[in-house]
>>> print(open('run15.tsv').read())   # TSV, C-alpha atoms
chain	number	residue	atom	x	y	z
X	812	MET	CA	66.57	135.39	93.41
X	813	ARG	CA	67.37	138.83	94.83
X	814	ASP	CA	66.99	142.00	92.80
X	815	GLY	CA	70.14	142.78	90.84
X	816	TRP	CA	71.14	139.10	90.59
X	817	ILE	CA	71.54	137.21	87.33
X	818	GLU	CA	70.93	133.52	86.62
X	819	ASP	CA	72.39	132.27	83.35
X	820	ARG	CA	73.99	129.25	81.71
X	821	PHE	CA	77.74	128.77	81.89
X	822	GLU	CA	78.17	129.12	78.12
X	823	ASN	CA	76.47	132.54	78.20
X	824	CYS	CA	78.68	133.75	81.06
X	825	LEU	CA	82.23	132.78	80.17
X	826	LYS	CA	84.53	130.77	77.93
X	827	LEU	CA	87.52	128.63	78.81
X	828	LYS	CA	90.78	128.16	76.91
X	829	SER	CA	93.44	125.58	77.66
X	830	GLY	CA	97.13	126.35	78.12
X	831	ASP	CA	100.13	125.04	76.20
X	832	GLY	CA	101.60	121.56	76.22
X	833	LEU	CA	104.66	121.01	78.39
X	834	THR	CA	105.96	117.52	79.13
X	835	ALA	CA	108.03	116.68	82.17
X	836	LYS	CA	110.91	115.94	79.82
X	837	ASN	CA	110.77	119.45	78.33
X	838	MET	CA	110.34	121.23	81.65
X	839	LYS	CA	113.49	123.18	82.52
X	840	ALA	CA	114.10	124.06	86.15
X	841	GLY	CA	113.16	127.66	86.83
X	842	GLN	CA	111.13	130.03	88.98
X	843	TYR	CA	107.73	129.89	87.27
X	844	PRO	CA	105.08	127.51	88.65
X	845	VAL	CA	103.65	125.07	86.12
X	846	TYR	CA	99.91	124.53	86.62
X	847	GLY	CA	98.34	121.36	85.25
X	848	GLY	CA	95.09	119.53	85.89
X	849	ASN	CA	95.81	118.91	89.58
X	850	GLY	CA	97.60	122.12	90.55
X	851	ILE	CA	101.32	122.85	90.53
X	852	ALA	CA	103.17	120.14	88.59
X	853	GLY	CA	106.67	121.66	88.77
X	854	TYR	CA	108.63	124.78	87.90
X	855	HIS	CA	109.81	126.01	84.50
X	856	ASP	CA	112.21	128.66	83.24
X	857	GLN	CA	109.51	130.33	81.08
X	858	PHE	CA	105.95	131.55	81.60
X	859	ASN	CA	102.99	131.77	79.22
X	860	LEU	CA	100.50	133.62	81.44
X	861	SER	CA	100.87	136.74	83.55
X	862	GLY	CA	98.47	139.02	85.38
X	863	THR	CA	95.27	138.16	87.23
X	864	TYR	CA	93.38	135.13	85.91
X	865	VAL	CA	91.01	132.45	87.08
X	866	ILE	CA	92.43	129.06	86.09
X	867	ILE	CA	90.71	125.67	86.33
X	868	GLY	CA	92.04	122.13	86.22
X	869	ARG	CA	90.87	120.42	83.02
X	870	VAL	CA	92.04	116.81	83.41
X	871	GLY	CA	92.62	114.55	86.39
X	872	ALA	CA	91.33	113.77	89.86
X	873	LEU	CA	91.21	117.47	90.83
X	874	CYS	CA	89.78	118.78	87.58
X	875	GLY	CA	87.20	121.52	88.04
X	876	ILE	CA	88.97	123.23	90.93
X	877	ALA	CA	89.27	126.97	90.28
X	878	ARG	CA	92.18	129.11	91.46
X	879	CYS	CA	92.80	132.84	91.23
X	880	ILE	CA	96.40	133.57	90.25
X	881	ASP	CA	98.14	136.92	90.06
X	882	SER	CA	101.65	136.03	88.96
X	883	GLU	CA	103.67	134.71	86.06
X	884	ILE	CA	103.01	131.02	85.48
X	885	TRP	CA	103.10	128.34	82.82
X	886	LEU	CA	99.59	127.00	82.17
X	887	THR	CA	99.62	123.55	80.55
X	888	ASP	CA	97.03	122.08	78.22
X	889	ASN	CA	95.71	120.07	81.20
X	890	ALA	CA	94.26	123.28	82.63
X	891	PHE	CA	92.03	126.16	81.51
X	892	LYS	CA	92.07	129.89	81.94
X	893	VAL	CA	88.87	131.95	81.84
X	894	SER	CA	89.51	133.65	78.50
X	895	GLU	CA	86.23	135.50	77.91
X	896	THR	CA	83.38	136.78	80.08
X	897	ASN	CA	80.05	138.23	78.99
X	898	TYR	CA	79.47	139.79	82.41
X	899	GLU	CA	81.74	141.77	84.67
X	900	PHE	CA	83.29	139.51	87.29
X	901	ASP	CA	85.62	140.12	90.19
X	902	HIS	CA	88.28	137.41	89.76
X	903	HIS	CA	88.13	136.30	93.40
X	904	PHE	CA	84.32	136.22	93.36
X	905	LEU	CA	84.34	134.11	90.20
X	906	THR	CA	86.75	131.68	91.85
X	907	TYR	CA	84.42	131.27	94.85
X	908	LEU	CA	81.42	130.89	92.52
X	909	LEU	CA	82.97	128.21	90.31
X	910	ASN	CA	84.14	126.19	93.29
X	911	TYR	CA	80.70	126.51	94.86
X	912	VAL	CA	78.96	124.98	91.83
X	913	ASN	CA	81.53	122.13	91.92
X	914	LEU	CA	82.55	121.80	88.27
X	915	ARG	CA	84.19	118.43	89.04
X	916	THR	CA	80.73	116.83	89.14
X	917	TYR	CA	80.22	117.71	85.47
X	918	ALA	CA	83.40	115.94	84.32
X	919	ARG	CA	83.20	113.34	81.59
X	920	GLN	CA	84.52	110.02	82.83
X	921	ALA	CA	87.15	108.58	80.50
X	922	ALA	CA	90.55	107.16	81.40
X	923	GLN	CA	90.73	110.31	83.53
X	924	PRO	CA	87.95	112.74	84.49
X	925	VAL	CA	87.91	115.71	82.10
X	926	ILE	CA	85.85	118.91	81.83
X	927	SER	CA	85.31	121.06	78.74
X	928	ASN	CA	83.31	124.05	77.53
X	929	SER	CA	80.72	121.64	76.15
X	930	SER	CA	80.40	119.57	79.33
X	931	LEU	CA	79.91	122.74	81.40
X	932	LYS	CA	77.71	124.72	79.00
X	933	ASN	CA	74.42	124.03	80.81
X	934	VAL	CA	75.70	124.60	84.35
X	935	THR	CA	73.61	127.35	85.97
X	936	LEU	CA	75.50	130.27	87.51
X	937	SER	CA	73.77	132.77	89.84
X	938	PHE	CA	75.55	135.98	90.80
X	939	PRO	CA	75.06	139.70	91.48
X	940	LYS	CA	75.51	141.89	88.44
X	941	SER	CA	77.00	144.61	90.66
X	942	LEU	CA	80.78	144.42	90.93
X	943	PRO	CA	80.77	146.15	94.36
X	944	GLU	CA	78.36	143.51	95.67
X	945	GLN	CA	80.62	140.76	94.34
X	946	LYS	CA	83.57	142.36	96.12
X	947	GLN	CA	81.51	142.62	99.31
X	948	ILE	CA	80.76	138.89	99.18
X	949	VAL	CA	84.46	138.15	98.65
X	950	SER	CA	85.37	140.30	101.65
X	951	ILE	CA	82.86	138.51	103.87
X	952	LEU	CA	83.90	135.04	102.67
X	953	ASP	CA	87.61	135.81	103.03
X	954	ARG	CA	87.17	136.85	106.66
X	955	ALA	CA	84.78	134.02	107.47
X	956	PHE	CA	86.97	131.32	105.93
X	957	ALA	CA	90.15	132.72	107.46
X	958	ALA	CA	88.50	132.41	110.87
X	959	ILE	CA	87.26	128.90	110.12
X	960	ASP	CA	90.64	127.78	108.78
X	961	GLN	CA	92.39	129.08	111.89
X	962	ALA	CA	89.90	127.26	114.11
X	963	LYS	CA	90.43	124.06	112.09
X	964	ALA	CA	94.20	124.37	112.35
X	965	ASN	CA	93.95	124.69	116.14
X	966	LEU	CA	91.64	121.68	116.37
X	967	GLU	CA	93.95	119.59	114.19
X	968	ARG	CA	96.90	120.53	116.41
X	969	ASN	CA	94.92	119.41	119.43
X	970	ILE	CA	94.19	116.06	117.77
X	971	GLU	CA	97.89	115.57	117.05
X	972	ASN	CA	98.75	116.58	120.63
X	973	ALA	CA	96.37	113.92	121.95
X	974	LYS	CA	97.85	111.23	119.69
X	975	GLU	CA	101.39	112.20	120.72
X	976	LEU	CA	100.44	111.99	124.37
X	977	PHE	CA	99.26	108.41	123.97
X	978	GLN	CA	102.50	107.56	122.15
X	979	SER	CA	104.45	109.12	124.99
X	980	LYS	CA	102.56	106.95	127.48
X	981	LEU	CA	103.23	103.81	125.42
X	982	ASN	CA	106.93	104.60	125.14
X	983	GLU	CA	107.12	105.24	128.89
X	984	ILE	CA	105.58	101.83	129.62
X	985	PHE	CA	107.55	99.79	127.10
X	986	SER	CA	110.93	101.30	127.85
X	987	GLN	CA	110.79	100.04	131.44
X	988	GLN	CA	113.45	97.64	132.63
X	989	GLY	CA	114.67	96.33	135.94
X	990	GLU	CA	113.19	94.20	138.70
X	991	GLY	CA	110.15	92.23	137.62
X	992	TRP	CA	110.87	92.81	133.92
X	993	GLU	CA	112.81	90.70	131.47
X	994	GLU	CA	113.73	90.87	127.81
X	995	LYS	CA	113.42	88.12	125.24
X	996	ARG	CA	113.41	87.63	121.51
X	997	LEU	CA	109.86	87.63	120.19
X	998	GLY	CA	110.66	84.33	118.49
X	999	ASP	CA	111.27	82.78	121.93
X	1000	LEU	CA	107.84	83.91	123.12
X	1001	SER	CA	105.67	83.14	120.13
X	1002	LYS	CA	105.14	81.20	116.94
X	1003	ILE	CA	105.60	83.34	113.81
X	1004	MET	CA	104.61	82.27	110.30
X	1005	TYR	CA	103.48	83.45	106.86
X	1006	GLY	CA	99.98	82.93	105.57
X	1007	HIS	CA	98.35	80.65	103.02
X	1008	THR	CA	98.16	81.13	99.24
X	1009	ALA	CA	94.87	80.29	97.56
X	1010	LYS	CA	92.33	81.46	95.00
X	1011	THR	CA	89.10	82.90	96.33
X	1012	ASP	CA	85.86	81.03	95.80
X	1013	ASP	CA	82.46	82.60	96.46
X	1014	ASN	CA	80.98	79.17	97.16
X	1015	ALA	CA	83.61	78.20	99.73
X	1016	ARG	CA	83.12	78.30	103.50
X	1017	VAL	CA	86.38	79.55	105.09
X	1018	HIS	CA	87.11	83.30	105.16
X	1019	TYR	CA	90.44	84.42	103.67
X	1020	LEU	CA	91.82	87.50	105.45
X	1021	ARG	CA	94.03	89.72	103.27
X	1022	ILE	CA	95.91	93.01	103.87
X	1023	THR	CA	93.22	94.95	102.04
X	1024	ASP	CA	90.49	93.60	104.33
X	1025	ILE	CA	91.97	95.43	107.33
X	1026	GLN	CA	90.81	99.05	107.18
X	1027	ASP	CA	91.34	101.57	110.01
X	1028	GLY	CA	92.03	98.76	112.46
X	1029	LYS	CA	88.78	96.94	111.64
X	1030	VAL	CA	87.63	94.03	109.51
X	1031	ASP	CA	84.18	93.68	107.95
X	1032	TRP	CA	84.04	89.91	107.86
X	1033	ASN	CA	80.98	90.01	105.61
X	1034	SER	CA	83.13	91.44	102.82
X	1035	VAL	CA	86.13	89.11	103.34
X	1036	PRO	CA	86.33	86.54	100.50
X	1037	LYS	CA	86.34	82.79	101.05
X	1038	ILE	CA	88.47	79.86	99.95
X	1039	GLU	CA	88.46	76.10	99.96
X	1040	ILE	CA	91.18	74.63	102.19
X	1041	SER	CA	91.82	71.03	103.17
X	1042	GLN	CA	91.17	69.79	106.68
X	1043	VAL	CA	94.88	68.98	106.86
X	1044	GLU	CA	95.99	72.57	106.18
X	1045	LEU	CA	93.16	74.39	107.97
X	1046	PRO	CA	94.53	73.98	111.55
X	1047	LYS	CA	97.91	75.36	110.45
X	1048	TYR	CA	96.50	78.65	109.15
X	1049	LYS	CA	93.28	79.02	111.12
X	1050	LEU	CA	92.96	82.32	112.98
X	1051	GLY	CA	92.01	82.40	116.64
X	1052	CYS	CA	91.39	84.90	119.42
X	1053	GLY	CA	94.67	86.54	120.43
X	1054	ASP	CA	96.43	86.05	117.11
X	1055	ILE	CA	98.19	89.16	115.81
X	1056	VAL	CA	98.62	89.59	112.06
X	1057	PHE	CA	100.94	92.03	110.26
X	1058	ALA	CA	101.12	93.52	106.81
X	1059	ARG	CA	104.54	92.56	105.52
X	1060	THR	CA	104.65	94.67	102.34
X	1061	GLY	CA	103.31	97.91	100.91
X	1062	ALA	CA	102.21	101.15	102.49
X	1063	THR	CA	100.97	99.46	105.69
X	1064	THR	CA	104.14	97.43	106.29
X	1065	GLY	CA	104.48	96.56	109.97
X	1066	LYS	CA	100.92	97.56	110.89
X	1067	SER	CA	99.30	95.01	113.16
X	1068	PHE	CA	95.77	93.78	113.82
X	1069	LEU	CA	94.63	91.82	116.88
X	1070	ILE	CA	92.13	89.03	116.23
X	1071	ASP	CA	89.45	89.33	118.89
X	1072	ASP	CA	86.52	87.42	117.51
X	1073	CYS	CA	86.14	86.07	113.99
X	1074	PRO	CA	84.33	83.43	111.96
X	1075	GLU	CA	86.25	80.43	110.65
X	1076	ALA	CA	89.10	82.10	108.78
X	1077	VAL	CA	92.68	81.73	107.60
X	1078	PHE	CA	95.19	84.43	106.71
X	1079	ALA	CA	96.74	85.22	103.34
X	1080	SER	CA	100.38	84.94	102.36
X	1081	TYR	CA	101.07	88.70	102.49
X	1082	LEU	CA	100.30	88.66	106.18
X	1083	ILE	CA	102.50	87.42	109.04
X	1084	ARG	CA	100.87	85.89	112.12
X	1085	VAL	CA	102.24	86.00	115.65
X	1086	GLN	CA	100.81	83.54	118.20
X	1087	CYS	CA	101.96	84.29	121.74
X	1088	ASP	CA	102.89	81.72	124.29
X	1089	LYS	CA	99.96	82.81	126.47
X	1090	GLU	CA	101.51	81.26	129.55
X	1091	ARG	CA	104.26	83.90	129.38
X	1092	LEU	CA	102.94	86.83	127.35
X	1093	LEU	CA	99.43	88.23	127.01
X	1094	PRO	CA	98.41	88.99	123.40
X	1095	ASN	CA	96.78	92.28	124.44
X	1096	PHE	CA	100.00	93.41	126.10
X	1097	LEU	CA	102.06	92.51	123.03
X	1098	TYR	CA	99.57	94.20	120.69
X	1099	LEU	CA	99.88	97.46	122.64
X	1100	PHE	CA	103.65	97.21	122.27
X	1101	PHE	CA	103.14	97.03	118.49
X	1102	GLN	CA	101.42	100.44	118.65
X	1103	SER	CA	104.38	102.12	120.37
X	1104	GLY	CA	107.00	104.40	118.91
X	1105	ILE	CA	109.66	101.99	120.17
X	1106	TYR	CA	108.24	99.26	117.90
X	1107	TRP	CA	107.89	101.59	114.92
X	1108	GLU	CA	111.50	102.71	115.26
X	1109	ILE	CA	112.52	99.04	115.03
X	1110	VAL	CA	110.32	98.62	111.94
X	1111	ALA	CA	111.85	101.70	110.30
X	1112	ASN	CA	115.31	100.26	110.84
X	1113	GLY	CA	114.27	96.80	109.68
X	1114	ILE	CA	112.57	97.50	106.35
X	1115	SER	CA	114.17	95.32	103.69
X	1116	GLY	CA	115.24	96.37	100.25
X	1117	SER	CA	112.41	95.83	97.76
X	1118	ALA	CA	110.77	98.77	95.99
X	1119	GLN	CA	107.79	98.49	98.36
X	1120	GLY	CA	109.84	97.68	101.40
X	1121	GLY	CA	109.08	94.70	103.59
X	1122	PHE	CA	109.21	93.39	107.12
X	1123	ASN	CA	109.71	89.67	107.37
X	1124	ALA	CA	109.12	86.92	109.90
X	1125	SER	CA	112.80	86.54	110.76
X	1126	LYS	CA	113.06	90.24	111.66
X	1127	LEU	CA	110.00	89.93	113.87
X	1128	SER	CA	111.48	86.84	115.47
X	1129	GLU	CA	114.70	88.70	116.36
X	1130	MET	CA	112.87	91.69	117.84
X	1131	ILE	CA	113.63	92.20	121.56
X	1132	ILE	CA	110.59	92.59	123.81
X	1133	HIS	CA	110.65	94.01	127.36
X	1134	PHE	CA	107.80	92.70	129.52
X	1135	PRO	CA	106.85	92.00	133.16
X	1136	THR	CA	107.32	88.38	134.06
X	1137	SER	CA	104.04	88.48	136.00
X	1138	LYS	CA	100.95	88.11	133.79
X	1139	LYS	CA	99.03	89.94	136.51
X	1140	ASP	CA	101.32	92.95	136.01
X	1141	GLN	CA	100.91	92.65	132.24
X	1142	GLN	CA	97.13	92.70	132.63
X	1143	SER	CA	97.34	95.71	134.93
X	1144	ILE	CA	99.31	97.60	132.29
X	1145	VAL	CA	96.79	96.58	129.61
X	1146	GLU	CA	93.91	97.92	131.68
X	1147	GLU	CA	95.77	101.16	132.44
X	1148	LEU	CA	96.57	101.77	128.77
X	1149	LYS	CA	93.05	100.89	127.63
X	1150	SER	CA	91.61	103.41	130.06
X	1151	TYR	CA	94.13	105.99	128.91
X	1152	LEU	CA	93.36	105.31	125.26
X	1153	LEU	CA	89.62	105.59	125.86
X	1154	ARG	CA	90.09	109.10	127.24
X	1155	ILE	CA	92.36	110.04	124.34
X	1156	GLU	CA	89.76	108.75	121.84
X	1157	GLU	CA	87.06	110.80	123.58
X	1158	ILE	CA	89.21	113.92	123.19
X	1159	ILE	CA	89.89	113.17	119.51
X	1160	THR	CA	86.21	112.44	118.79
X	1161	LYS	CA	85.23	115.75	120.39
X	1162	TYR	CA	87.59	117.67	118.14
X	1163	GLN	CA	86.64	115.68	115.02
X	1164	LEU	CA	83.00	116.58	115.63
X	1165	LYS	CA	83.99	120.22	115.87
X	1166	LEU	CA	85.92	119.91	112.60
X	1167	SER	CA	82.81	118.44	110.94
X	1168	SER	CA	80.73	121.31	112.31
X	1169	LEU	CA	83.15	123.83	110.81
X	1170	GLU	CA	82.88	122.16	107.40
X	1171	GLU	CA	79.10	122.33	107.63
X	1172	LEU	CA	79.33	125.97	108.63
X	1173	LYS	CA	81.49	126.65	105.57
X	1174	LYS	CA	78.86	125.07	103.32
X	1175	SER	CA	76.12	127.09	105.02
X	1176	ILE	CA	77.99	130.35	104.52
X	1177	LEU	CA	78.56	129.56	100.84
X	1178	GLN	CA	74.87	128.72	100.45
X	1179	GLN	CA	73.98	132.10	101.93
X	1180	ALA	CA	76.55	133.86	99.77
X	1181	PHE	CA	75.27	132.49	96.47
X	1182	SER	CA	71.58	132.82	97.29
X	1183	GLY	CA	72.06	136.52	97.99
X	1184	GLU	CA	71.39	136.15	101.72
X	1185	LEU	CA	74.88	136.92	103.00
X	1186	THR	CA	75.01	140.48	101.69
X	1187	LYS	CA	71.44	141.04	102.84
X	1188	LEU	CA	72.47	140.10	106.39
X	1189	SER	CA	75.55	142.28	106.12
X	1190	ALA	CA	73.52	145.24	104.89
X	1191	SER	CA	71.14	144.89	107.84
X	1192	GLY	CA	74.05	145.07	110.25
X	1193	LEU	CA	73.71	141.46	111.41
X	1194	THR	CA	77.02	140.24	110.00
X	1195	GLY	CA	80.09	142.25	110.87
X	1196	LEU	CA	82.44	139.26	110.72
X	1197	GLU	CA	85.39	141.16	112.09
X	1198	ASP	CA	86.79	138.07	113.79
X	1199	GLU	CA	86.06	134.46	114.66
X	1200	GLN	CA	83.54	135.39	117.34
X	1201	ASP	CA	81.26	136.95	114.72
X	1202	LEU	CA	80.89	133.50	113.17
X	1203	GLY	CA	80.46	131.63	116.41
X	1204	VAL	CA	83.63	129.67	115.59
X	1205	ALA	CA	86.22	131.20	117.84
X	1206	ALA	CA	89.57	129.61	117.15
X	1207	GLU	CA	90.10	127.08	119.91
X	1208	PRO	CA	93.43	127.56	121.67
X	1209	GLU	CA	95.95	124.80	121.44
X	1210	GLU	CA	95.30	122.56	124.42
X	1211	SER	CA	98.11	121.65	126.73
X	1212	TYR	CA	97.76	117.97	127.59
X	1213	ASN	CA	99.26	116.24	130.54
X	1214	GLU	CA	98.68	113.14	132.63
X	1215	LYS	CA	96.01	114.79	134.79
X	1216	SER	CA	94.06	116.29	131.87
X	1217	VAL	CA	93.74	112.88	130.22
X	1218	THR	CA	92.89	110.83	133.28
X	1219	ARG	CA	90.43	113.28	134.82
X	1220	ASN	CA	86.76	112.33	135.15
>>> encode(input="run15.tsv", output="structure tokens")
Amino acid sequence: MRDGWIEDRFENCLKLKSGDGLTAKNMKAGQYPVYGGNGIAGYHDQFNLSGTYVIIGRVGALCGIARCIDSEIWLTDNAFKVSETNYEFDHHFLTYLLNYVNLRTYARQAAQPVISNSSLKNVTLSFPKSLPEQKQIVSILDRAFAAIDQAKANLERNIENAKELFQSKLNEIFSQQGEGWEEKRLGDLSKIMYGHTAKTDDNARVHYLRITDIQDGKVDWNSVPKIEISQVELPKYKLGCGDIVFARTGATTGKSFLIDDCPEAVFASYLIRVQCDKERLLPNFLYLFFQSGIYWEIVANGISGSAQGGFNASKLSEMIIHFPTSKKDQQSIVEELKSYLLRIEEIITKYQLKLSSLEELKKSILQQAFSGELTKLSASGLTGLEDEQDLGVAAEPEESYNEKSVTRN
């Protein structure tokens, strides 16, 4: 601990007081933000707090997150304000400090996570007693995090640019028509059916693929439950290489998954399976079509009217597919798109690694700040932090992608 720094328990440093109850029913539309356990919950025509305060979510998934506010707000009883302090704190410094110690980890787990003065009383806080030093830390962190956030925003734009480029390529391919191409109903080119309904059985032998087992385009077959199914029904629902299954309800409606290799398995009733006539249409070609914007536009127009939405087998059957009559041409397109996608994924992975590095850098800077090292570096002239270059995280310019940039190398 550096000279001039204090280490003390939360209860000896500050006290928290909750706001006033306000139900959604009693909220009257107005200009004042209403802060609850998870941030802004709406707007009200009255306020119960004004001036500069540190507020903290008390209840809910985001409880423990501190915010510095300097405006008129309504603070509900699902949130706290810092009502008393036994040391002098800069409000912005205190916000950084409380978020650094991660109050959420001290929440009591009930129906919802909840923090209180008693649950936080033994949390250790370390901070400089000097208000100017606190303000210096805030100044350094503000500049550092502004630079990091700008760099992250640029990287995230580049990731979106890369994804959009692949979509553009897919749409270009699957909007082709003319000589060598034909159009057919998907139902004329494949067999489409709903899955099987059964109760899972840990002692059974056949895997039972459900919507929830497909995560990020992958299936961990070791975690897929099993069922008993008769030898009469098994061939009807058994999954094989080249089958394409779809979620037909819920948030992932219309999302497809290509079966490449799997153990003995059948598919559940909330999935739809498409089996191509492989003499006319390659499953890999069709699966790439199901990733295109053209397909998703059809899905958006074809969602049926339940609360969750839905996309049924008859709609899939009526969907018009454009494809080359030559399977050799289909395979050529598959190989071209796979190569293109590989390059896109390399680009995205590169930027995701940079995003992870920026998050680690943020943690490192906070560690320095609250161990007293950051101001020591600043005082020695090693940390000017006037712009992104001072951090070694220069904001990466938005990349301009084109056909050549993706297919190079």
>>> atom_distance(input="run15.tsv", atom1="atom CA of Pro1046 of chain X", atom2="atom CA of Asn1014 of chain X")
20.4 Å
>>> residues_around(input="run15.tsv", residues="Ser930 of chain X", least_positions_apart="5", cutoff="9 Å", atoms="only C-alpha atoms", output="short mmCIF file (atom, residue, chain, number, x, y, z; two decimals) with C-alpha atoms, keeping the file's coordinate frame")
data_model
loop_
_atom_site.label_atom_id
_atom_site.label_comp_id
_atom_site.auth_asym_id
_atom_site.auth_seq_id
_atom_site.Cartn_x
_atom_site.Cartn_y
_atom_site.Cartn_z
CA TYR X 917 80.22 117.71 85.47
CA ALA X 918 83.40 115.94 84.32
CA ARG X 919 83.20 113.34 81.59
CA VAL X 925 87.91 115.71 82.10
#
>>> axis_aligned_box(input="run15.tsv", around="segment 1099-1106 of chain X", padding_each_side="4 Å", output="AutoDock Vina command-line options")
--center_x 104.8 --center_y 100.7 --center_z 120.3 --size_x 17.8 --size_y 15.4 --size_z 12.7
>>> closest_residue(input="run15.tsv", among="X:Asn823, X:Thr1136, X:Asn837, X:Asn1112", to="Glu993 of chain X", atoms="all atoms listed in the file")
X:Thr1136
>>> atom_distance(input="run15.tsv", atom1="atom CA of Val1017 of chain X", atom2="atom CA of Ile1083 of chain X")
18.4 Å
>>> atom_distance(input="run15.tsv", atom1="atom CA of Thr1023 of chain X", atom2="atom CA of Ala1058 of chain X")
9.3 Å
>>> residues_near_point(input="run15.tsv", point="(87.5, 113.0, 118.8)", cutoff="12 Å", atoms="all atoms listed in the file", output="PyMOL selection string")
chain X and resi 966-967+969-974+1152-1167
>>> closest_residue(input="run15.tsv", among="X:Ala1009, X:Leu833, X:Leu1177, X:Leu860", to="Ser1041 of chain X", atoms="only C-alpha atoms")
X:Ala1009
>>> residues_around(input="run15.tsv", residues="Ala840 of chain X", least_positions_apart="5", cutoff="6 Å", atoms="only C-alpha atoms", output="tab-separated table (two decimals) with C-alpha atoms, in the coordinates of the input")
chain	number	residue	atom	x	y	z
X	854	TYR	CA	108.63	124.78	87.90
X	855	HIS	CA	109.81	126.01	84.50
X	856	ASP	CA	112.21	128.66	83.24
>>> residues_around(input="run15.tsv", residues="Ser927 of chain X", least_positions_apart="6", cutoff="12 Å", atoms="all atoms listed in the file", output="list in words")
Phe821, Glu822, Lys826, Leu827, Lys828, Ser829, Ile867, Gly868, Arg869, Val870, Cys874, Gly875, Asp888, Asn889, Ala890, Phe891, Lys892, Val893, Leu914, Arg915, Tyr917, Ala918, Arg919, Gln920, Asn933 and Val934 of chain X
>>> closest_residue(input="run15.tsv", among="X:Thr896, X:Ser929, X:Gln987, X:Ser1125", to="Lys1002 of chain X", atoms="only C-alpha atoms")
X:Ser1125
>>> closest_residue(input="run15.tsv", among="X:Ala852, X:Leu1020, X:Val1035, X:Ile1131", to="Phe1068 of chain X", atoms="all atoms listed in the file")
X:Leu1020
